[in-house]
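Step one of this worksheet: look at the structure below.
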Amino acid sequence: MNTNQPLLRVNNIETYYGLICAVQGVSLEIAPGTITAILGNNGAGKTTILKTVMGLLDDQPDKGSIYFKDQRIDDKDPEQIVRLGIGFVPEGREIFDELTVKENLLVGAYTRRDRAGIRADMDRIYGYFPILKEREKQLAGTLSGGQQQMLAIGRALMSRPQLLLMDEPSLGLSPMLVRDIFRIIRQINEEGITILLVEQNARMALRVAHYGYVMENGRFVMAGTVQELMEDPDVQEFYLGMKKETSVKGYQRWKRKKRWR
Amino acid sequence: MFGQLVINGMAVGSLYALVALAMVIIYKASEVPNFAQGEMAMVSTYFAYMLLISDRVPWQLALLGTLVFAFVLGMVLEFLFVRRAKEPTVLDLIIVTLGMQLVLHGLAGWKWGPDQKDFPLPISDTEVVQVGGVVISYLNLTTMITALVLMGLLYAFFQYTKIGVAMKATQQNWMAARINGIRTNHILGITWGISSVIGALAGVLFAPTSTLDPHLMWDPLIKGFAAAVMGGMNSLVGAALGGYLLGFLENLFGLYISLEFKSIVAFLAIVLVLWFRPSGLFSKHYERRV
């Protein structure tokens with residue numbers, strides 16, 4: 001356990017889309033240097049948490065507070081939050097289709113002025129993803145899905161974040177690519193960047209993460225170290241697909257009672 | 001004869017190209033055809049007129065001041081009217097630009113009156129230079145060169161400057177621009193400012209060939225819009241080429257078919273282009289993910 005003060009502290013936030021409460025009182029803490037994963041199925045509110053932290057939802061969170069290194073950030077714009085040292089890899093890549101690969105990375109470094117440092121970081125990212133170096137002058141919209149995901153990660157790293165928020169980095173990628181991406185995620189983390197990861201691919205996420213939260217219907221229903229989560233029968237059955245009970249008819253009982261309810 | 005036709009077409013086409021560029025720059029950023037573009041240019045032209053007749057500043061300085069004024073005007077309009085719209089649809093924004101058009105038109109009529117004025121730009125519309133059997137007036141020459149220089153500057157701006165690249169990024173993906181730290185609101189204001197400057201240039205170069213009144217830019221605006229639609233509303237290069245093409249076609253039509261009905265060429269061109277190639281003649285078409 002890391003005894004340092006948390007890098008990010010989210011206190012009981014509630015986020016609304018109109019009248020719908022998508023995040024219903026969520027608290028979490030992220031220790032520096034760790035990878036934290038939020039698991040959960042579609043519509044649980046995982047992405048909403050990241051967007052709320054990033055300040056992308058106007059006038060949200062409705063309740064609660066968010067601190068990044070002792071500084072309150074829940075009333076700030078994304079433009080300010082990036083400058084404090086939080087990077088964001090959005091769901092579905094969201095790269096700039098009609099800019100070249102290189103221009104995409106340069107936009108990532110928009111908040112910085114140190115030319116030498118920017119060039120060094122760009123080389124570092126080309127080191128992670130050599131294919132991007134090859135395609136440097138190509139328009140980003142012509143890249144494959146996996147390459148676009150690499151570019152989105154690289155772009156977020158260009159701002160030199162201390163905390164990187166990643167939303168479904170494995171979405172729509174082949175198993176091989178997913179493995180590559182997660183290898184890089186671990187490598188980035190080992191080089192000192194704290195990561196908050198939102199994933200549906202629980203198996204992969206738990207393989208790289210240190211801590212995990214399980215989210216359902218806008219609330220966290222479980223939290224713990226990866227070890228604890230892996231050993232939990234509910235997580236095993238519902239997120240890792242290991243079945244324990246089989247019915248007499250030979251198919252899996254879908255409505256097994258979850259113990260956390 | 002044909003050479004003369006090309007030159008005349010290019011001269012008037014330069015104006016259309018400027019207006020088209022101004023519209024496309026805003027269209028790409030705010031996703032709305034800015035129907036106040038002509039009135040913005042007209043007001044800037046009146047501002048130039050006031051400086052020019054005051055005799056207190058040399059005309060070069062007056063023009064420079066006009067460009068500054070136009071830039072501020074564009075930014076102010078964006079800040080006061082466009083930004084106020086909360087989560088607007090395209091139709092909402094069109095209504096906003098139409099509203100701005102009415103306001104500016106009324107303002108000009110109230111401040112400077114509806115009468116027609118001579119625009120005293122000291123570049124002659126009647127003196128000509130002769131190059132290989134083709135005559136061209138000093139004003140037309142200036143217009144053509146201004147347009148070309150401006151296009152070069154715009155290209156360099158979008159290609160090589162940080163803020164130019166940030167502007168392209170903002171146009172392509174608003175959310176992604178914000179998470180990379182781009183202050184998209186500022187960028188939008190600057191976009192409107194630049195567009196307004198280009199429009200003002202068109203106004204100042206057009207006014208000497210016409211007369212200055214609040215209706216000054218109606219014709220060039222429609223032609224410029226037609227040129228932009230022809231070239232593809234999403235492409236700066238397309239808009240410029242569309243401007244030249246329209247100027248050329250108009251002159252061709254005027255010479256061989258009918259001088260009086262020259263103006264219908266623009267509408268004819270729009271209809272034909274939308275019929276056969278709705279995304280524009282020169283635009284590369286990208287699917288936009290919703």
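Quick note on naming: the chains in the structure tokens go A, B, ... in the order shown, residues restart at 1 in each chain, and ligands are numbered from 1 in order of appearance.
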For chain A, work out the contacting residues on chain B at 12 Å, counting only C-alpha atoms, and write them as a ChimeraX atom specification.
/B:86-87,158-186,234-235,284-290
Going by DSSP on the backbone, which residues of stretch 44-245 of chain B come out as strand (DSSP E)? List them as an NGL selection string.
:B and (128-131 or 134-137)
Residues within 9 Å of stretch 195-209 of chain A, please, as a count of residues only. Count only C-alpha atoms; anything in the same chain fewer than 2 positions from it doesn't count.
43
One number please: atom CA of B:Val131 to atom CA of B:Asp219, in Å, one decimal.
29.6 Å
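Of the residues in stretch 192-226 of chain B, those given helix (DSSP H, G or I) by DSSP on the backbone are B:Trp192, B:Gly193, B:Ile194, B:Ser195, B:Ser196, B:Val197, B:Ile198, B:Gly199, B:Ala200, B:Leu201, B:Ala202, B:Gly203, B:Val204, B:Leu205, B:Phe206, B:Ala207, B:Pro208, B:Thr209, B:Trp218, B:Asp219, B:Pro220, B:Leu221, B:Ile222, B:Lys223, B:Gly224, B:Phe225, B:Ala226.
Rounded to one decimal, atom CA of B:Ile145 and atom CA of B:Tyr256 lie 27.6 Å from each other.
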